[in-house]
Structures are given as structure tokens and as C-alpha cells.
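What follows is the content of my_file-v1.cif (mmCIF, C-alpha atoms).
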data_final
loop_
_atom_site.label_atom_id
_atom_site.label_comp_id
_atom_site.auth_asym_id
_atom_site.auth_seq_id
_atom_site.Cartn_x
_atom_site.Cartn_y
_atom_site.Cartn_z
CA MET A 163 0.00 0.00 0.00
CA HIS A 164 1.72 3.15 -1.22
CA TYR A 165 -0.76 5.34 0.66
CA VAL A 166 0.53 4.07 4.01
CA ALA A 167 4.05 5.14 3.00
CA VAL A 168 2.80 8.64 2.11
CA SER A 169 0.96 8.78 5.41
CA LEU A 170 4.13 7.75 7.26
CA GLY A 171 6.11 10.49 5.53
CA LEU A 172 3.50 13.10 6.39
CA LEU A 173 3.42 11.91 10.00
CA LEU A 174 7.23 12.13 10.31
CA ILE A 175 7.37 15.62 8.80
CA GLY A 176 4.63 16.71 11.21
CA THR A 177 6.42 15.19 14.19
CA ALA A 178 9.69 16.87 13.21
CA GLY A 179 7.95 20.24 12.97
CA LEU A 180 6.20 19.67 16.28
CA LEU A 181 9.44 18.83 18.10
CA LEU A 182 11.88 21.20 16.41
CA ARG A 183 10.14 24.52 15.76
CA ARG A 184 9.91 27.31 18.32
CA ASN A 185 6.93 29.17 16.84
CA ILE A 186 3.56 28.12 18.31
CA VAL A 187 1.65 28.80 15.08
CA ILE A 188 3.93 26.44 13.15
CA ILE A 189 3.56 23.83 15.91
CA LEU A 190 -0.24 23.99 15.54
CA MET A 191 0.19 23.58 11.77
CA SER A 192 2.35 20.49 12.40
CA ILE A 193 -0.47 19.03 14.50
CA GLU A 194 -2.80 19.53 11.54
CA LEU A 195 -0.29 17.69 9.34
CA ILE A 196 -0.21 14.76 11.78
CA LEU A 197 -4.02 14.57 11.86
CA ASN A 198 -4.03 14.61 8.06
CA ALA A 199 -1.61 11.68 8.01
CA VAL A 200 -3.98 9.75 10.28
CA ASN A 201 -6.93 10.59 8.05
CA LEU A 202 -5.09 9.44 4.94
CA ASN A 203 -4.37 6.12 6.63
CA LEU A 204 -8.00 5.72 7.71
CA VAL A 205 -9.32 6.43 4.22
CA ALA A 206 -6.76 4.12 2.59
CA PHE A 207 -7.75 1.23 4.85
CA ALA A 208 -11.45 2.01 4.37
CA ARG A 209 -10.88 1.58 0.66
CA HIS A 210 -8.90 -1.59 1.19
CA HIS A 211 -11.59 -3.20 3.34
CA GLY A 212 -14.47 -1.94 1.20
CA ASN A 213 -16.11 -0.32 4.24
CA ALA A 214 -17.16 3.30 4.76
CA ALA A 215 -16.57 3.29 8.53
CA GLY A 216 -13.00 4.54 8.06
CA GLN A 217 -14.24 7.54 6.10
CA VAL A 218 -16.78 8.33 8.82
CA PHE A 219 -13.97 8.13 11.37
CA ALA A 220 -11.91 10.54 9.27
CA LEU A 221 -14.88 12.94 9.36
CA PHE A 222 -14.89 12.78 13.16
CA VAL A 223 -11.14 13.44 13.20
CA ILE A 224 -11.69 16.52 11.01
CA ALA A 225 -14.38 17.80 13.40
CA VAL A 226 -12.08 17.34 16.40
CA ALA A 227 -9.24 19.03 14.49
CA VAL A 228 -11.44 22.06 13.83
CA ALA A 229 -12.33 22.33 17.53
CA GLU A 230 -8.69 21.87 18.51
CA ALA A 231 -7.47 24.55 16.11
CA ALA A 232 -10.11 27.05 17.30
CA VAL A 233 -9.33 26.53 20.98
CA GLY A 234 -5.56 26.38 20.39
CA LEU A 235 -5.52 29.63 18.47
CA GLY A 236 -7.73 31.24 21.15
CA ILE A 237 -5.19 30.21 23.79
CA LEU A 238 -2.42 31.58 21.58
CA LEU A 239 -4.16 34.97 21.32
CA ALA A 240 -4.69 35.16 25.09
CA LEU A 241 -1.06 34.17 25.64
CA TYR A 242 0.23 36.76 23.19
CA ARG A 243 -1.81 39.47 24.92
CA ASN A 244 -0.18 38.62 28.25
CA ARG A 245 3.38 37.65 27.32
CA GLU A 246 4.06 39.33 23.93
CA THR A 247 5.81 36.22 22.58
CA VAL A 248 4.99 33.19 20.41
CA GLN A 249 8.24 31.29 21.00
CA VAL A 250 7.52 28.19 23.06
CA ASP A 251 10.81 28.09 24.95
CA GLU A 252 10.20 31.60 26.30
CA ILE A 253 6.94 30.47 27.89
CA ASP A 254 8.29 28.74 30.98
CA LEU A 255 6.02 29.98 33.76
CA LEU A 256 5.05 26.45 34.81
CA LYS A 257 8.56 25.01 34.42
CA TRP A 258 10.63 24.27 37.57
CA MET B 159 2.78 4.19 -16.37
CA THR B 160 -0.95 4.65 -16.15
CA LEU B 161 -2.70 7.92 -15.48
CA ASP B 162 -3.63 6.76 -11.98
CA THR B 163 -0.04 6.28 -10.82
CA LEU B 164 0.94 9.57 -12.45
CA PHE B 165 -1.72 11.41 -10.44
CA PHE B 166 -0.78 9.50 -7.30
CA TYR B 167 2.85 10.63 -7.52
CA ALA B 168 1.81 14.19 -8.40
CA PHE B 169 -0.43 14.43 -5.33
CA THR B 170 2.21 12.76 -3.16
CA THR B 171 4.76 15.33 -4.27
CA LEU B 172 2.31 18.13 -3.44
CA THR B 173 1.55 16.63 -0.02
CA LEU B 174 5.08 15.87 1.15
CA GLY B 175 6.70 18.88 -0.49
CA GLY B 176 4.15 21.27 0.95
CA ALA B 177 4.50 19.70 4.39
CA ALA B 178 8.30 19.92 4.29
CA LEU B 179 8.11 23.58 3.27
CA ALA B 180 5.50 24.31 5.95
CA VAL B 181 7.71 23.11 8.79
CA THR B 182 10.91 24.74 7.50
CA ARG B 183 9.92 28.24 6.28
CA PRO B 184 10.86 31.02 8.72
CA SER B 185 7.87 33.17 7.78
CA ALA B 186 4.54 31.99 9.19
CA VAL B 187 2.58 33.28 6.19
CA HIS B 188 4.76 31.29 3.81
CA ALA B 189 4.28 28.25 6.05
CA ALA B 190 0.50 28.69 5.90
CA ILE B 191 0.57 28.83 2.09
CA ALA B 192 2.76 25.70 1.99
CA LEU B 193 0.33 24.01 4.36
CA MET B 194 -2.46 24.83 1.92
CA VAL B 195 -0.54 23.09 -0.89
CA SER B 196 -0.06 20.06 1.34
CA LEU B 197 -3.75 19.91 2.28
CA LEU B 198 -4.70 20.17 -1.39
CA GLY B 199 -2.44 17.20 -2.11
CA VAL B 200 -4.15 15.19 0.62
CA ALA B 201 -7.52 16.16 -0.86
CA GLY B 202 -6.35 14.84 -4.23
CA LEU B 203 -5.31 11.56 -2.62
CA TYR B 204 -8.80 11.30 -1.07
CA LEU B 205 -10.25 11.70 -4.55
CA GLN B 206 -8.04 8.88 -5.79
CA LEU B 207 -9.26 6.68 -2.94
CA THR B 208 -12.86 7.32 -4.13
CA ALA B 209 -13.69 9.31 -0.99
CA GLU B 210 -15.41 12.19 -2.78
CA PHE B 211 -17.28 13.44 0.27
CA LEU B 212 -14.05 13.73 2.27
CA PHE B 213 -12.42 15.50 -0.68
CA VAL B 214 -15.05 18.24 -0.57
CA THR B 215 -14.98 18.35 3.24
CA GLN B 216 -11.21 18.67 3.23
CA ILE B 217 -11.28 21.63 0.86
CA ILE B 218 -14.17 23.43 2.55
CA LEU B 219 -13.23 22.80 6.18
CA TYR B 220 -9.44 22.63 6.14
CA ILE B 221 -8.53 25.05 3.40
CA GLY B 222 -11.55 27.32 3.78
CA GLY B 223 -11.86 27.11 7.56
CA ILE B 224 -8.79 26.16 9.53
CA LEU B 225 -6.29 27.79 7.21
CA LEU B 226 -8.26 31.04 7.21
CA LEU B 227 -8.23 30.90 11.01
CA PHE B 228 -4.45 30.47 10.97
CA LEU B 229 -4.03 33.42 8.61
CA PHE B 230 -6.26 35.61 10.79
CA VAL B 231 -4.19 34.77 13.87
CA ILE B 232 -0.95 35.40 11.98
CA MET B 233 -2.27 38.86 11.06
CA LEU B 234 -3.41 39.56 14.66
CA VAL B 235 -0.19 38.39 16.27
CA ASN B 236 2.77 40.32 14.94
CA LEU B 237 4.84 37.35 13.82
CA ASP B 238 7.27 39.30 11.71
CA ALA B 239 9.03 40.37 14.91
CA GLY B 240 10.21 36.77 15.32
CA ARG B 241 11.57 36.31 11.81
CA GLY B 242 15.18 37.10 12.61
CA LEU B 243 15.23 34.91 15.68
CA ARG B 244 16.32 31.31 15.97
CA GLN B 245 13.68 29.10 14.32
CA PHE B 246 14.60 25.82 15.96
CA HIS B 247 15.05 24.73 19.56
CA ARG B 248 18.48 24.81 21.10
CA ARG B 249 18.36 21.05 21.75
CA TRP B 250 17.07 20.16 18.29
CA PRO B 251 19.21 16.98 17.88
CA VAL B 252 17.07 15.29 20.55
CA GLY B 253 13.88 15.99 18.63
CA ALA B 254 15.46 14.90 15.35
CA ALA B 255 16.65 11.65 16.95
CA VAL B 256 13.18 10.92 18.35
CA THR B 257 11.65 11.52 14.92
CA ALA B 258 14.21 9.29 13.19
CA VAL B 259 13.73 6.44 15.67
CA ALA B 260 9.94 6.67 15.31
CA GLY B 261 10.31 6.61 11.53
CA VAL B 262 12.53 3.54 11.49
CA VAL B 263 10.31 1.65 13.95
CA LEU B 264 7.12 2.45 12.04
CA ALA B 265 8.70 1.58 8.68
CA VAL B 266 9.92 -1.80 9.97
CA LEU B 267 6.56 -2.56 11.56
CA GLY B 268 4.71 -1.46 8.42
CA SER B 269 6.83 -3.65 6.14
CA ARG B 270 5.99 -6.77 8.19
CA VAL B 271 2.21 -6.36 8.06
CA GLN B 272 0.27 -9.00 6.14
CA LEU B 273 -2.84 -7.36 4.75
CA PRO B 274 -6.00 -9.35 4.05
CA PRO B 275 -6.99 -9.35 0.37
CA ALA B 276 -8.53 -6.12 -0.86
CA GLN B 277 -12.30 -5.89 -1.07
CA ARG B 278 -14.51 -3.79 -3.29
CA MET B 279 -16.54 -0.85 -2.09
CA PRO B 280 -20.32 -1.26 -2.49
CA GLU B 281 -21.53 0.13 -5.78
CA THR B 282 -23.71 2.88 -4.28
CA GLY B 283 -22.43 6.46 -4.40
CA ASN B 284 -19.82 7.55 -1.88
CA VAL B 285 -21.91 10.31 -0.28
CA GLU B 286 -24.82 7.91 0.11
CA LEU B 287 -22.56 5.29 1.67
CA VAL B 288 -20.98 7.75 4.14
CA ALA B 289 -24.38 9.14 5.08
CA ASP B 290 -25.80 5.68 5.70
CA THR B 291 -22.85 4.68 7.89
CA LEU B 292 -22.78 8.00 9.73
CA LEU B 293 -26.47 8.27 10.49
CA GLN B 294 -27.17 4.61 11.19
CA ASP B 295 -24.15 3.05 12.85
CA TYR B 296 -22.53 6.15 14.32
CA LEU B 297 -25.48 8.35 15.24
CA VAL B 298 -24.53 8.83 18.91
CA PRO B 299 -20.90 9.92 18.20
CA PHE B 300 -22.31 12.24 15.54
CA GLU B 301 -24.48 13.98 18.13
CA VAL B 302 -21.64 14.09 20.67
CA VAL B 303 -19.46 15.86 18.08
CA SER B 304 -22.05 18.64 17.86
CA LEU B 305 -21.75 19.07 21.63
CA LEU B 306 -17.94 19.17 21.31
CA LEU B 307 -18.16 21.86 18.64
CA LEU B 308 -20.52 23.91 20.82
CA VAL B 309 -18.10 23.71 23.75
CA ALA B 310 -15.20 24.66 21.44
CA VAL B 311 -17.10 27.70 20.13
CA VAL B 312 -17.98 28.93 23.62
CA GLY B 313 -14.44 28.23 24.86
CA SER B 314 -12.68 30.06 22.04
CA VAL B 315 -15.00 33.07 22.40
CA LEU B 316 -14.22 33.16 26.13
CA LEU B 317 -10.47 32.86 25.48
CA GLY B 318 -10.52 35.51 22.79
CA ARG B 319 -12.24 38.20 24.86
CA LYS B 320 -10.26 41.27 25.84
CA ARG B 321 -10.56 40.74 29.59
CA ALA B 322 -10.98 37.02 30.15
#
Could you quickly redo this structure as C-alpha cells?
Amino acid sequence: MHYVAVSLGLLLIGTAGLLLRRNIVIILMSIELILNAVNLNLVAFARHHGNAAGQVFALFVIAVAVAEAAVGLGILLALYRNRETVQVDEIDLLKW
Amino acid sequence: MTLDTLFFYAFTTLTLGGAALAVTRPSAVHAAIALMVSLLGVAGLYLQLTAEFLFVTQIILYIGGILLLFLFVIMLVNLDAGRGLRQFHRRWPVGAAVTAVAGVVLAVLGSRVQLPPAQRMPETGNVELVADTLLQDYLVPFEVVSLLLLVAVVGSVLLGRKRA
């Protein structure tokens, strides 16, 4: 299944962005990439098994991703208003 | 090479290339545009997998909704101030190592899987099939998702207020 390989590549790129970047907006984008990789896998296996349940599951994942992006960006705005930064390693109030 | 494989590789290039650009560009606006390219590639792959409903959903919700939200936030938060700064963490080799190990493990596991023989989708239309599955087998999760979206709307409005 070539689609699983594409999905793996997308997942790895998303993980790398999530772990390496300092900018919160880019980190949220990486999370969207990871969710897309999962969706691609679900749809590929739905096709393979001849069953629409995987596509329905992908729809649910999209709905959760929308909610996550809305809340995450709301948190980001509130954070920016208070701290004037979007670099994750400068936000260390709860560390130590 | 048939037309199908040609389109598959074209969409794959769009997906992976856009994703790689999105996580490496210093400018957040450029990253958002690259993310759009990547999401379009995924939408094309959905179309190839005969998931037409998800193709439309992907374009309307992801590219029309989430990406617009990202662009709005990028405009609200002055991201250009961070362009000259370091883009990656100081301890980036750790993250890169974790990613590489995960990739190797998943690739090895994936190459050992024995898939059952492929089956054919029912001959009814894709939208009809998804609607039947969604509204018959998964009705309760469907309703719970509406509750989740309501909570998310109220939560993001609360978070976005001037004096929260």
C-alpha cells in the first residue's frame, strides 16, 4: 500500500515540525499535518476493506481538528496578549 | 505508467513537499501557504481513494476554515518580529533523533504487516454510503461531536475576549 508510506512520511514531517520549531503557530500547523496523516491512513484502509466506517472516522477526526485549532488559536491569542511572545521556549512559567 | 499512478505521484509530491516547506519556512505566512498546498495534495489523494465526500470536506473545512483561522491569527499576532530569531530549539538533535527512531520503527513494523486481500466498495455512491454509515451506525458519536463543537465555540469566544 503506497498510501501508508505517504501517510508515514506526512506523520514524520509533522512530528519533526512539532518537536523542532519554536513558533507556536507552526507547531499547531504540524499538529494539523499529523491529523491529516492519520486521516489518509484511515481512508486508505477504508478503501482496502471496502467499508465506509473509516471515512466516517476521518470525518470525526476533522471535526475534532477544527475544535482543537479554534481553541488552540484562542489560547495563543490570550497568551500573546499577556506575554508578547509566540516562541515556546520563552513560555516557561510552569517550568521548575 | 498509467494515469492513476501519475496522479498518485503528483499528489504525493504536493503533499510531502508542501508539508516539508511548511515546517521549515521562517515566515509563518509562507508556512500557511505551503500548508495549503499540502492539504490540497491530501484532498487529491482522497479523490483517488474514491472518498469524494471527504475530498469536498477537506477543501471546505481545512482550506476554507482552519487555514483562514491560521491566517487571521498570523495577522493579529505580529509574527514578523520573530523572523530574525532562531527558528529551531536549542536542543534540536534530541527531537530529530526521536523523529528518526519513530520513523525507522514504524517503517519496519509497516513492512511486516500482512494485509488481508482487498475488497470492493459497495456500488452505491460515496456520499450515500458515508451518510448511511454516519447516520445509522454512528449516530450517537455524531451527536456528541455537535456538543464538542458547541463547547469549542464557547471556549474560544471566552479565550478571545479582551478581559478574560
ask   = Near stretch 186-191 of chain A, counting only C-alpha atoms, which residues have an atom at most 7 Å away, once you skip same-chain residues fewer than 5 positions from it, shown as an MDAnalysis selection string?
value = (chainID A and resid 179:180 248:250) or (chainID B and resid 181 186)
inquiry  = Could you list, as a PyMOL selection string, every residue matched by the PyMOL selection byres ((chain B) within 6 of (chain A)) in this structure?
reply    = chain B and resi 181+245-247+250+253+257+276-279+288+307+310+314+317-318
task = Could you please determine the separation between atom CA of B:Leu197 and atom CA of B:Leu225 in Å, to one decimal place?
result = 9.6 Å
key: Interatomic distance, atom CA of B:Leu226 to atom CA of B:Leu193 (Å, one decimal)   =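 Separation between atom CA of B:Leu226 and atom CA of B:Leu193: 11.5 Å.
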ask   = Which residues fall under the PyMOL selection byres ((chain B and resi 284) around 8) in this file, as a PyMOL selection string?
value = chain B and resi 208-211+282-283+285-288
Take the residues that were just selected and, keeping C-alpha atoms, output them as a CSV table (one decimal), in the frame of the given file.
chain,number,residue,atom,x,y,z
B,208,THR,CA,-12.9,7.3,-4.1
B,209,ALA,CA,-13.7,9.3,-1.0
B,210,GLU,CA,-15.4,12.2,-2.8
B,211,PHE,CA,-17.3,13.4,0.3
B,282,THR,CA,-23.7,2.9,-4.3
B,283,GLY,CA,-22.4,6.5,-4.4
B,285,VAL,CA,-21.9,10.3,-0.3
B,286,GLU,CA,-24.8,7.9,0.1
B,287,LEU,CA,-22.6,5.3,1.7
B,288,VAL,CA,-21.0,7.8,4.1
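Atom to atom, atom CA of B:Val315 and atom CA of B:Val231 stand 13.9 Å apart.
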